[in-house]
Structure formats: C-alpha cells, structure tokens
$ cat model_16.cif   # mmCIF, C-alpha atoms
data_target
loop_
_atom_site.label_atom_id
_atom_site.label_comp_id
_atom_site.auth_asym_id
_atom_site.auth_seq_id
_atom_site.Cartn_x
_atom_site.Cartn_y
_atom_site.Cartn_z
CA MET A 349 155.92 -62.64 10.10
CA VAL A 350 158.54 -60.68 8.15
CA VAL A 351 157.70 -58.83 4.93
CA GLU A 352 160.58 -57.65 2.76
CA THR A 353 160.41 -55.23 -0.14
CA VAL A 354 163.05 -53.78 -2.43
CA GLY A 355 163.04 -50.03 -2.76
CA VAL A 356 160.95 -47.20 -1.43
CA GLY A 357 157.79 -46.26 -3.24
CA GLN A 358 154.03 -46.44 -2.98
CA ALA A 359 154.07 -50.25 -2.79
CA GLU A 360 156.39 -50.11 0.21
CA VAL A 361 154.18 -47.58 1.95
CA GLU A 362 151.25 -49.95 1.43
CA VAL A 363 153.30 -52.89 2.73
CA ALA A 364 154.22 -50.86 5.81
CA SER A 365 150.53 -50.53 6.65
CA ALA A 366 150.39 -54.33 6.83
CA THR A 367 152.98 -54.59 9.62
CA ASP A 368 153.17 -53.81 13.31
CA THR A 369 156.77 -52.62 13.07
CA THR A 370 158.43 -51.33 9.91
CA LEU A 371 162.19 -51.36 9.52
CA VAL A 372 163.76 -49.22 6.84
CA VAL A 373 167.20 -50.54 5.97
CA VAL A 374 169.76 -48.28 4.34
CA GLN A 375 173.45 -48.67 3.75
CA PRO A 376 176.44 -46.36 3.43
CA GLY A 377 176.13 -44.26 0.31
CA TRP A 378 172.36 -44.88 0.27
CA GLY A 379 171.67 -41.75 -1.74
CA ASP A 380 169.96 -38.43 -1.53
CA ALA A 381 168.15 -37.87 1.76
CA VAL A 382 165.76 -35.44 0.07
CA GLN A 383 164.63 -38.13 -2.37
CA ALA A 384 164.21 -40.59 0.47
CA SER A 385 162.13 -38.06 2.34
CA LYS A 386 159.91 -37.55 -0.71
CA ALA A 387 159.48 -41.30 -0.99
CA GLY A 388 157.90 -41.33 2.47
CA ILE A 389 160.37 -43.33 4.54
CA LEU A 390 160.17 -40.87 7.42
CA GLU A 391 156.49 -41.64 7.75
CA ILE A 392 156.73 -45.42 7.48
CA ALA A 393 159.88 -46.21 9.49
CA ASP A 394 159.49 -47.36 13.06
CA VAL A 395 163.16 -48.32 13.20
CA PHE A 396 165.96 -47.29 10.85
CA VAL A 397 168.74 -49.78 10.21
CA VAL A 398 172.07 -48.75 8.74
CA ASN A 399 173.42 -52.07 7.48
CA LYS A 400 177.03 -52.62 6.45
CA ALA A 401 178.06 -50.53 9.45
CA ASP A 402 181.58 -51.87 9.05
CA ARG A 403 181.95 -49.93 5.77
CA GLU A 404 183.05 -46.38 5.16
CA GLY A 405 180.16 -43.92 5.15
CA ALA A 406 178.02 -45.67 7.76
CA GLY A 407 178.40 -42.71 10.11
CA ASP A 408 177.32 -40.36 7.32
CA ALA A 409 174.17 -42.42 6.75
CA VAL A 410 173.34 -42.24 10.47
CA ARG A 411 173.92 -38.48 10.46
CA ASP A 412 171.69 -38.03 7.40
CA LEU A 413 168.90 -40.02 9.03
CA ARG A 414 169.17 -38.04 12.28
CA ASN A 415 168.94 -34.78 10.33
CA MET A 416 165.91 -36.05 8.41
CA LEU A 417 164.21 -37.05 11.65
CA ARG A 418 164.85 -33.60 13.16
CA MET A 419 163.20 -31.95 10.17
CA GLY A 420 160.30 -34.40 9.97
CA PRO A 421 156.99 -34.53 11.80
CA LYS A 422 157.17 -34.99 15.56
CA GLY A 423 155.37 -37.91 17.13
CA ASP A 424 155.31 -39.82 20.37
CA TRP A 425 157.72 -42.41 18.89
CA VAL A 426 161.05 -41.33 17.47
CA PRO A 427 162.45 -44.08 15.24
CA PRO A 428 165.79 -45.25 16.60
CA ILE A 429 168.70 -45.64 14.21
CA VAL A 430 170.61 -48.88 14.65
CA LYS A 431 173.89 -49.70 12.94
CA THR A 432 174.28 -53.35 11.94
CA SER A 433 176.57 -55.56 9.94
CA ALA A 434 175.09 -58.73 8.52
CA THR A 435 178.56 -60.21 7.97
CA THR A 436 179.92 -59.59 11.49
CA GLY A 437 176.66 -59.69 13.46
CA GLU A 438 177.36 -56.24 14.87
CA GLY A 439 174.25 -54.48 16.16
CA ILE A 440 171.84 -57.41 15.84
CA GLY A 441 171.12 -57.42 19.59
CA GLU A 442 170.51 -53.67 19.52
CA LEU A 443 168.23 -54.08 16.52
CA TRP A 444 166.16 -56.71 18.30
CA GLU A 445 165.95 -54.45 21.35
CA ALA A 446 164.72 -51.54 19.18
CA ILE A 447 162.03 -53.79 17.68
CA GLU A 448 160.97 -54.93 21.16
CA GLN A 449 160.87 -51.34 22.42
CA HIS A 450 158.64 -50.36 19.50
CA ARG A 451 156.32 -53.29 20.22
CA LYS A 452 156.08 -52.32 23.90
CA HIS A 453 155.46 -48.69 23.00
CA GLY A 454 152.77 -49.70 20.50
CA GLU A 455 151.00 -51.92 23.00
CA ALA A 456 151.13 -49.28 25.76
CA SER A 457 149.92 -46.46 23.50
CA GLY A 458 147.26 -48.53 21.75
CA ASP A 459 149.00 -48.01 18.41
CA VAL A 460 149.30 -51.74 17.72
CA GLU A 461 145.56 -52.23 18.14
CA THR A 462 144.84 -49.13 16.04
CA ARG A 463 147.11 -50.35 13.23
CA ARG A 464 145.60 -53.82 13.31
CA SER A 465 142.06 -52.43 13.29
CA ARG A 466 142.90 -50.11 10.38
CA ARG A 467 144.52 -53.03 8.58
CA VAL A 468 141.51 -55.35 8.88
CA VAL A 469 139.12 -52.60 7.80
CA GLY A 470 141.39 -51.88 4.82
CA GLU A 471 141.44 -55.57 3.91
CA VAL A 472 137.65 -55.70 3.90
CA GLU A 473 137.46 -52.50 1.83
CA SER A 474 139.88 -54.02 -0.68
CA MET A 475 137.89 -57.24 -0.89
CA VAL A 476 134.64 -55.36 -1.41
CA ALA A 477 136.21 -53.06 -4.03
CA PHE A 478 137.61 -56.06 -5.89
CA ARG A 479 134.29 -57.91 -5.87
CA LEU A 480 132.35 -54.82 -6.90
CA GLY A 481 134.85 -54.25 -9.70
CA GLU A 482 134.37 -57.83 -10.90
CA ARG A 483 130.59 -57.42 -10.89
CA ALA A 484 130.77 -54.08 -12.71
CA SER A 485 133.06 -55.61 -15.36
CA ARG A 486 130.70 -58.53 -15.80
CA MET A 487 127.75 -56.14 -16.14
CA LEU A 488 129.60 -54.17 -18.82
CA ARG A 489 130.44 -57.35 -20.74
CA GLU A 490 126.91 -58.72 -20.50
CA ASP A 491 125.41 -55.36 -21.51
CA SER A 492 127.78 -54.94 -24.47
CA ALA A 493 125.25 -53.19 -26.70
CA GLY A 494 124.11 -50.81 -23.98
CA LEU A 495 126.28 -48.91 -21.55
CA ALA A 496 129.61 -49.54 -23.29
CA ALA A 497 128.12 -48.36 -26.59
CA ASP A 498 126.69 -45.27 -24.89
CA LEU A 499 130.13 -44.51 -23.48
CA ALA A 500 131.85 -44.99 -26.83
CA ALA A 501 129.28 -42.76 -28.55
CA ARG A 502 129.65 -40.19 -25.73
CA ARG A 503 125.94 -40.32 -24.94
CA ILE A 504 126.99 -40.78 -21.33
CA ASP A 505 130.10 -39.67 -19.48
CA PRO A 506 132.26 -42.02 -17.38
CA TYR A 507 130.89 -40.59 -14.13
CA GLY A 508 127.32 -41.26 -15.17
CA ALA A 509 128.28 -44.76 -16.32
CA ALA A 510 129.96 -45.41 -12.98
CA GLU A 511 126.80 -44.35 -11.14
CA ILE A 512 124.70 -46.67 -13.28
CA LEU A 513 127.08 -49.55 -12.63
CA LEU A 514 127.13 -48.84 -8.89
CA LYS A 515 123.35 -48.87 -8.79
CA GLY A 516 123.35 -52.04 -10.86
CA VAL A 517 125.93 -53.72 -8.64
CA ALA A 518 124.02 -52.67 -5.53
CA GLY A 519 120.92 -54.21 -7.04
CA ALA A 520 122.80 -57.28 -8.36
CA ASN A 521 121.65 -59.38 -5.45
CA ARG A 522 118.07 -58.30 -6.13
CA SER A 523 118.51 -58.69 -9.89
CA ASP A 524 118.45 -62.45 -9.49
CA GLU A 525 114.96 -61.99 -8.09
CA THR A 526 113.84 -59.11 -10.31
CA GLY A 527 115.84 -59.75 -13.48
CA VAL A 528 116.86 -56.07 -13.71
CA THR A 529 120.02 -55.49 -15.80
CA ALA A 530 122.33 -52.50 -16.12
CA GLY A 531 120.58 -51.51 -19.34
CA GLU A 532 117.19 -51.57 -17.61
CA GLN A 533 118.64 -49.50 -14.73
CA ARG A 534 119.50 -46.83 -17.30
CA GLY A 535 116.14 -46.96 -18.99
#
$ encode --input "model_16.cif" --output "structure tokens"
Amino acid sequence: MVVETVGVGQAEVEVASATDTTLVVVQPGWGDAVQASKAGILEIADVFVVNKADREGAGDAVRDLRNMLRMGPKGDWVPPIVKTSATTGEGIGELWEAIEQHRKHGEASGDVETRRSRRVVGEVESMVAFRLGERASRMLREDSAGLAADLAARRIDPYGAAEILLKGVAGANRSDETGVTAGEQRG
C-alpha cells in the first residue's frame, strides 16, 4: 500500500507511523533545510528522494539533505538519498533498491515488527479514545441540567468534570444495570 501526503507537518508525521517505509520526496529548490528539520522530516524519512534530478539545483538538494543527516540523530539506519526523475525514469531502479534495503534492514533488526505492533496498539488506543469521547459527549448532552451547568457556573473545573465523565463512562456498561447517570455519579 502507498500513502501519499502533501507537505510536512504533524499530519505527515502521523501518516509516517502508519507505514513500514517512509519516503520523503523533495525537489530542487525545496526550501530552507532548517524549516524542514523543524518539521520533523529527519525523524520520519527512511529514504529521501530528490525528484526532478534532471533540473538545476538537484545536487544542492542532495547536499542539503546530507548535511542535515550529519547533524541529526544517529541510528542504525541512515536514510539513503536517491535522485530520480519522473519524466525520464532516472533513478527508479535505485529507489526501488533503497526501499528493498530498508525492508530487509527492518526485518533483520525487528523494526518492522516493532512498528507494526506500535501501529496496531495505536489504532486500538484511537478507537477507544473515540468511543469514550462519544460516550462522554452523550453523557453531557443527556445530563444537560447537571454537569454542563456546573461547568458554566464554574461550580466545577474542567478537570473535575473530566474525572466525573471518565468515571461515568467507565460505569456506562454497568449503568444499564444500575441506572446510574453522570449527575448521580457527582452526587
């Protein structure tokens, strides 16, 4: 599966955690290396691709990336930098080889299994957080005269309200049996 994003930001860092191999594609004149470093591409890239290698400035982009890698954190995998040209096909074989080498390295080091394990745990955490959020929202709506009013009147702070909702959500499965609501949890 291939996942493509546009830009480098928090969303791209999150997308990178969903892949076994992350390619960061730049082009000649790609911009300030310091800004790219701040955006986190050093941490997420398994392979750097300088596309449009047939254009002026491609060598500068490679040099900038090499310098960034020298200054960045050291690991057991150093992301290769591959020059490609989508229009001429230049470097596509080398790119595929870099991807294969990363896969082999990840399998040998256990990194692929670690990433996949982290990914599935993260997916479950996200599902649980989403469902708990839905339940907490429903509890707030159903208890419109209680907790929300207490929050608005500042009789309770948001942290205290969150604790009440968490206790209520945790007891939501039992509330079908006991009939306990968020308001009763507070009482």
$ residues_around --input "model_16.cif" --residues "A:Arg411" --least-positions-apart "3" --cutoff "12 Å" --atoms "all atoms listed in the file" --output "PyMOL selection string"
chain A and resi 376-377+381+396+398+405-408+414-418+429-431
$ closest_residue --input "model_16.cif" --among "A:Ala500, A:Val460, A:Ala518, A:Val410" --to "A:Met487" --atoms "all atoms listed in the file"
A:Ala518
$ closest_residue --input "model_16.cif" --among "A:Lys422, A:Lys400, A:Arg467, A:His450" --to "A:Val363" --atoms "all atoms listed in the file"
A:Arg467
$ closest_residue --input "model_16.cif" --among "A:Ser474, A:Glu490, A:Gly437, A:Gly420" --to "A:Asn399" --atoms "only C-alpha atoms"
A:Gly437
$ residues_near_point --input "model_16.cif" --point "(163.6, -44.9, 18.0)" --cutoff "8 Å" --atoms "all atoms listed in the file" --output "CSV table (one decimal) with C-alpha atoms, keeping the file's coordinate frame"
chain,number,residue,atom,x,y,z
A,394,ASP,CA,159.5,-47.4,13.1
A,395,VAL,CA,163.2,-48.3,13.2
A,396,PHE,CA,166.0,-47.3,10.8
A,425,TRP,CA,157.7,-42.4,18.9
A,426,VAL,CA,161.0,-41.3,17.5
A,427,PRO,CA,162.4,-44.1,15.2
A,428,PRO,CA,165.8,-45.2,16.6
A,429,ILE,CA,168.7,-45.6,14.2
A,446,ALA,CA,164.7,-51.5,19.2
A,450,HIS,CA,158.6,-50.4,19.5
$ closest_residue --input "model_16.cif" --among "A:Ile512, A:Ala366, A:Val373, A:Ser465" --to "A:Val351" --atoms "only C-alpha atoms"
A:Ala366
$ atom_distance --input "model_16.cif" --atom1 "atom CA of A:Arg451" --atom2 "atom CA of A:Leu390"
18.2 Å
$ atom_distance --input "model_16.cif" --atom1 "atom CA of A:Arg463" --atom2 "atom CA of A:Asp368"
7.0 Å
$ atom_distance --input "model_16.cif" --atom1 "atom CA of A:Ala409" --atom2 "atom CA of A:Val374"
7.7 Å
